[in-house]
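Novice: Structure in structure tokens, see below.
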Amino acid sequence: MGLEKVVGVMRDNLTVRRVYGEPVEKDGVVVIPAARVIGGGGGGHGAEQDKEGEGGGFLLAARPVGAYVLKGGEVRWVPAVDVTVLGAVFAVMVAAIHRRRQYRRGSDRAR
């Protein structure tokens with residue numbers, strides 16, 4: 001894939017449509033999903049002994065963050081709940097409590 005094509009694909013993909021999804025309407029309520037989008041890319045061109053080459057690549061990552069809910073003329077933001085992050089926080093808390101208990105047991109035995 002040539003450098004110009006990579007840049008064109010990046011430009012086409014890094015748009016506001018990647019951040020805000022298509023609105024969904026049901027029973028008078030409109031939901032507009034939103035995501036955090038990160039993208040970047042690079043490329044290069046080189047020549048060596050009668051040979052030329054170019055190339056590049058890019059990365060596009062999206063993660064849901066919430067949605068705007070329109071109902072009765074009012075708009076409210078509803079954040080997405082990331083259960084992965086919640087699970088990680090819970091695991092760290094359990095580990096910290098366990099370590100604290102082990103530490104206390106060890107210091108009680110030393111007395």
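FYI, nothing fancy with the structure tokens labels: chains A, B, ... in order, residues from 1 per chain, ligands from 1 as they appear.
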Based on DSSP run over this structure's backbone, return all residues of stretch 18-108 of chain A in alpha helix (DSSP H), as a list of chain:residue names.

Specialist: A:Arg18, A:Val19, A:Val83, A:Thr84, A:Val85, A:Leu86, A:Gly87, A:Ala88, A:Val89, A:Phe90, A:Ala91, A:Val92, A:Met93, A:Val94, A:Ala95, A:Ala96, A:Ile97, A:His98, A:Arg99, A:Arg100, A:Arg101, A:Gln102, A:Tyr103, A:Arg104, A:Arg105, A:Gly106, A:Ser107, A:Asp108

Novice: Give the strand (DSSP E or B) residues of chain A, as assigned by DSSP on the backbone, as a PyMOL selection string.

Specialist: chain A and resi 20+24-26+29-48+51-71+74-79

Novice: Those residues with N, CA and C atoms, as a compact mmCIF listing (two decimals), in the first residue's frame please?

Specialist:
```
# COMPACT_ATOMS: atom_id res chain seq x y z
N TYR A 20 -19.02 9.75 17.23
CA TYR A 20 -20.45 9.70 17.47
C TYR A 20 -21.09 8.73 16.49
N VAL A 24 -30.07 6.48 17.35
CA VAL A 24 -31.08 5.42 17.38
C VAL A 24 -32.31 5.99 18.06
N GLU A 25 -33.48 5.85 17.43
CA GLU A 25 -34.71 6.39 18.00
C GLU A 25 -35.71 5.28 18.26
N LYS A 26 -36.34 5.34 19.45
CA LYS A 26 -37.39 4.40 19.79
C LYS A 26 -38.29 5.04 20.83
N VAL A 29 -37.48 8.52 22.19
CA VAL A 29 -36.18 8.72 22.83
C VAL A 29 -35.10 8.50 21.77
N VAL A 30 -34.16 9.46 21.70
CA VAL A 30 -33.05 9.36 20.75
C VAL A 30 -31.77 9.13 21.54
N VAL A 31 -30.99 8.13 21.15
CA VAL A 31 -29.72 7.81 21.79
C VAL A 31 -28.61 7.99 20.75
N ILE A 32 -27.61 8.79 21.13
CA ILE A 32 -26.45 9.01 20.26
C ILE A 32 -25.22 8.46 20.99
N PRO A 33 -24.71 7.30 20.55
CA PRO A 33 -23.55 6.72 21.22
C PRO A 33 -22.28 7.51 20.93
N ALA A 34 -21.37 7.53 21.90
CA ALA A 34 -20.10 8.24 21.75
C ALA A 34 -18.95 7.32 22.15
N ALA A 35 -17.81 7.53 21.51
CA ALA A 35 -16.62 6.71 21.79
C ALA A 35 -15.39 7.59 21.84
N ARG A 36 -14.37 7.08 22.53
CA ARG A 36 -13.06 7.72 22.53
C ARG A 36 -12.29 7.06 21.39
N VAL A 37 -11.81 7.86 20.47
CA VAL A 37 -11.11 7.34 19.30
C VAL A 37 -9.68 7.86 19.30
N ILE A 38 -8.75 6.94 19.12
CA ILE A 38 -7.33 7.28 19.05
C ILE A 38 -6.79 6.74 17.74
N GLY A 39 -6.04 7.54 17.03
CA GLY A 39 -5.47 7.08 15.78
C GLY A 39 -4.15 7.75 15.50
N GLY A 40 -3.36 7.09 14.72
CA GLY A 40 -2.08 7.65 14.34
C GLY A 40 -1.48 6.81 13.23
N GLY A 41 -0.49 7.33 12.61
CA GLY A 41 0.12 6.58 11.52
C GLY A 41 1.46 7.15 11.13
N GLY A 42 2.06 6.48 10.19
CA GLY A 42 3.34 6.94 9.70
C GLY A 42 3.67 6.26 8.39
N GLY A 43 4.69 6.72 7.77
CA GLY A 43 5.09 6.14 6.50
C GLY A 43 6.45 6.61 6.10
N GLY A 44 6.91 6.08 4.99
CA GLY A 44 8.22 6.48 4.52
C GLY A 44 8.43 6.12 3.07
N HIS A 45 9.51 6.63 2.53
CA HIS A 45 9.87 6.40 1.14
C HIS A 45 11.38 6.25 1.09
N GLY A 46 11.84 5.31 0.31
CA GLY A 46 13.28 5.11 0.22
C GLY A 46 13.70 4.66 -1.15
N ALA A 47 14.98 4.87 -1.44
CA ALA A 47 15.56 4.43 -2.72
C ALA A 47 16.95 3.87 -2.44
N GLU A 48 17.25 2.76 -3.15
CA GLU A 48 18.56 2.14 -2.98
C GLU A 48 18.91 1.36 -4.24
N LYS A 51 16.36 0.86 -6.93
CA LYS A 51 15.09 0.35 -6.37
C LYS A 51 14.46 1.45 -5.54
N GLU A 52 13.16 1.56 -5.64
CA GLU A 52 12.44 2.53 -4.83
C GLU A 52 11.33 1.81 -4.08
N GLY A 53 10.99 2.33 -2.92
CA GLY A 53 9.91 1.73 -2.15
C GLY A 53 9.29 2.75 -1.22
N GLU A 54 8.07 2.47 -0.89
CA GLU A 54 7.37 3.32 0.08
C GLU A 54 6.39 2.43 0.83
N GLY A 55 6.02 2.89 2.00
CA GLY A 55 5.07 2.12 2.79
C GLY A 55 4.63 2.90 4.00
N GLY A 56 3.71 2.32 4.69
CA GLY A 56 3.20 3.00 5.88
C GLY A 56 2.15 2.16 6.56
N GLY A 57 1.63 2.70 7.60
CA GLY A 57 0.59 2.00 8.34
C GLY A 57 -0.07 2.95 9.31
N PHE A 58 -1.17 2.50 9.87
CA PHE A 58 -1.84 3.32 10.87
C PHE A 58 -2.61 2.44 11.83
N LEU A 59 -2.96 3.03 12.95
CA LEU A 59 -3.70 2.34 14.00
C LEU A 59 -4.93 3.18 14.32
N LEU A 60 -6.03 2.51 14.50
CA LEU A 60 -7.28 3.17 14.90
C LEU A 60 -7.89 2.34 16.01
N ALA A 61 -8.10 2.95 17.17
CA ALA A 61 -8.68 2.25 18.32
C ALA A 61 -9.84 3.07 18.85
N ALA A 62 -10.95 2.41 19.12
CA ALA A 62 -12.13 3.10 19.65
C ALA A 62 -12.66 2.35 20.86
N ARG A 63 -13.16 3.11 21.83
CA ARG A 63 -13.70 2.53 23.07
C ARG A 63 -14.94 3.32 23.45
N PRO A 64 -16.07 2.65 23.71
CA PRO A 64 -17.28 3.39 24.08
C PRO A 64 -17.09 4.15 25.39
N VAL A 65 -17.62 5.37 25.44
CA VAL A 65 -17.53 6.17 26.66
C VAL A 65 -18.90 6.55 27.21
N GLY A 66 -19.94 6.43 26.40
CA GLY A 66 -21.28 6.78 26.87
C GLY A 66 -22.20 7.12 25.72
N ALA A 67 -23.28 7.79 26.08
CA ALA A 67 -24.26 8.17 25.06
C ALA A 67 -25.02 9.41 25.52
N TYR A 68 -25.42 10.20 24.54
CA TYR A 68 -26.33 11.31 24.79
C TYR A 68 -27.74 10.78 24.60
N VAL A 69 -28.61 11.07 25.56
CA VAL A 69 -29.99 10.62 25.49
C VAL A 69 -30.88 11.86 25.40
N LEU A 70 -31.66 11.94 24.32
CA LEU A 70 -32.57 13.06 24.10
C LEU A 70 -33.99 12.56 24.34
N LYS A 71 -34.66 13.19 25.31
CA LYS A 71 -36.03 12.78 25.64
C LYS A 71 -36.80 14.00 26.13
N GLU A 74 -35.05 17.41 26.42
CA GLU A 74 -33.89 17.51 27.30
C GLU A 74 -32.82 16.52 26.86
N VAL A 75 -31.57 16.91 27.09
CA VAL A 75 -30.43 16.06 26.75
C VAL A 75 -29.68 15.73 28.03
N ARG A 76 -29.32 14.46 28.18
CA ARG A 76 -28.50 14.07 29.33
C ARG A 76 -27.42 13.11 28.86
N TRP A 77 -26.31 13.13 29.57
CA TRP A 77 -25.17 12.27 29.27
C TRP A 77 -25.25 11.03 30.16
N VAL A 78 -25.13 9.86 29.56
CA VAL A 78 -25.13 8.61 30.31
C VAL A 78 -23.78 7.93 30.04
N PRO A 79 -22.89 7.91 31.04
CA PRO A 79 -21.58 7.31 30.82
C PRO A 79 -21.65 5.79 30.67
```
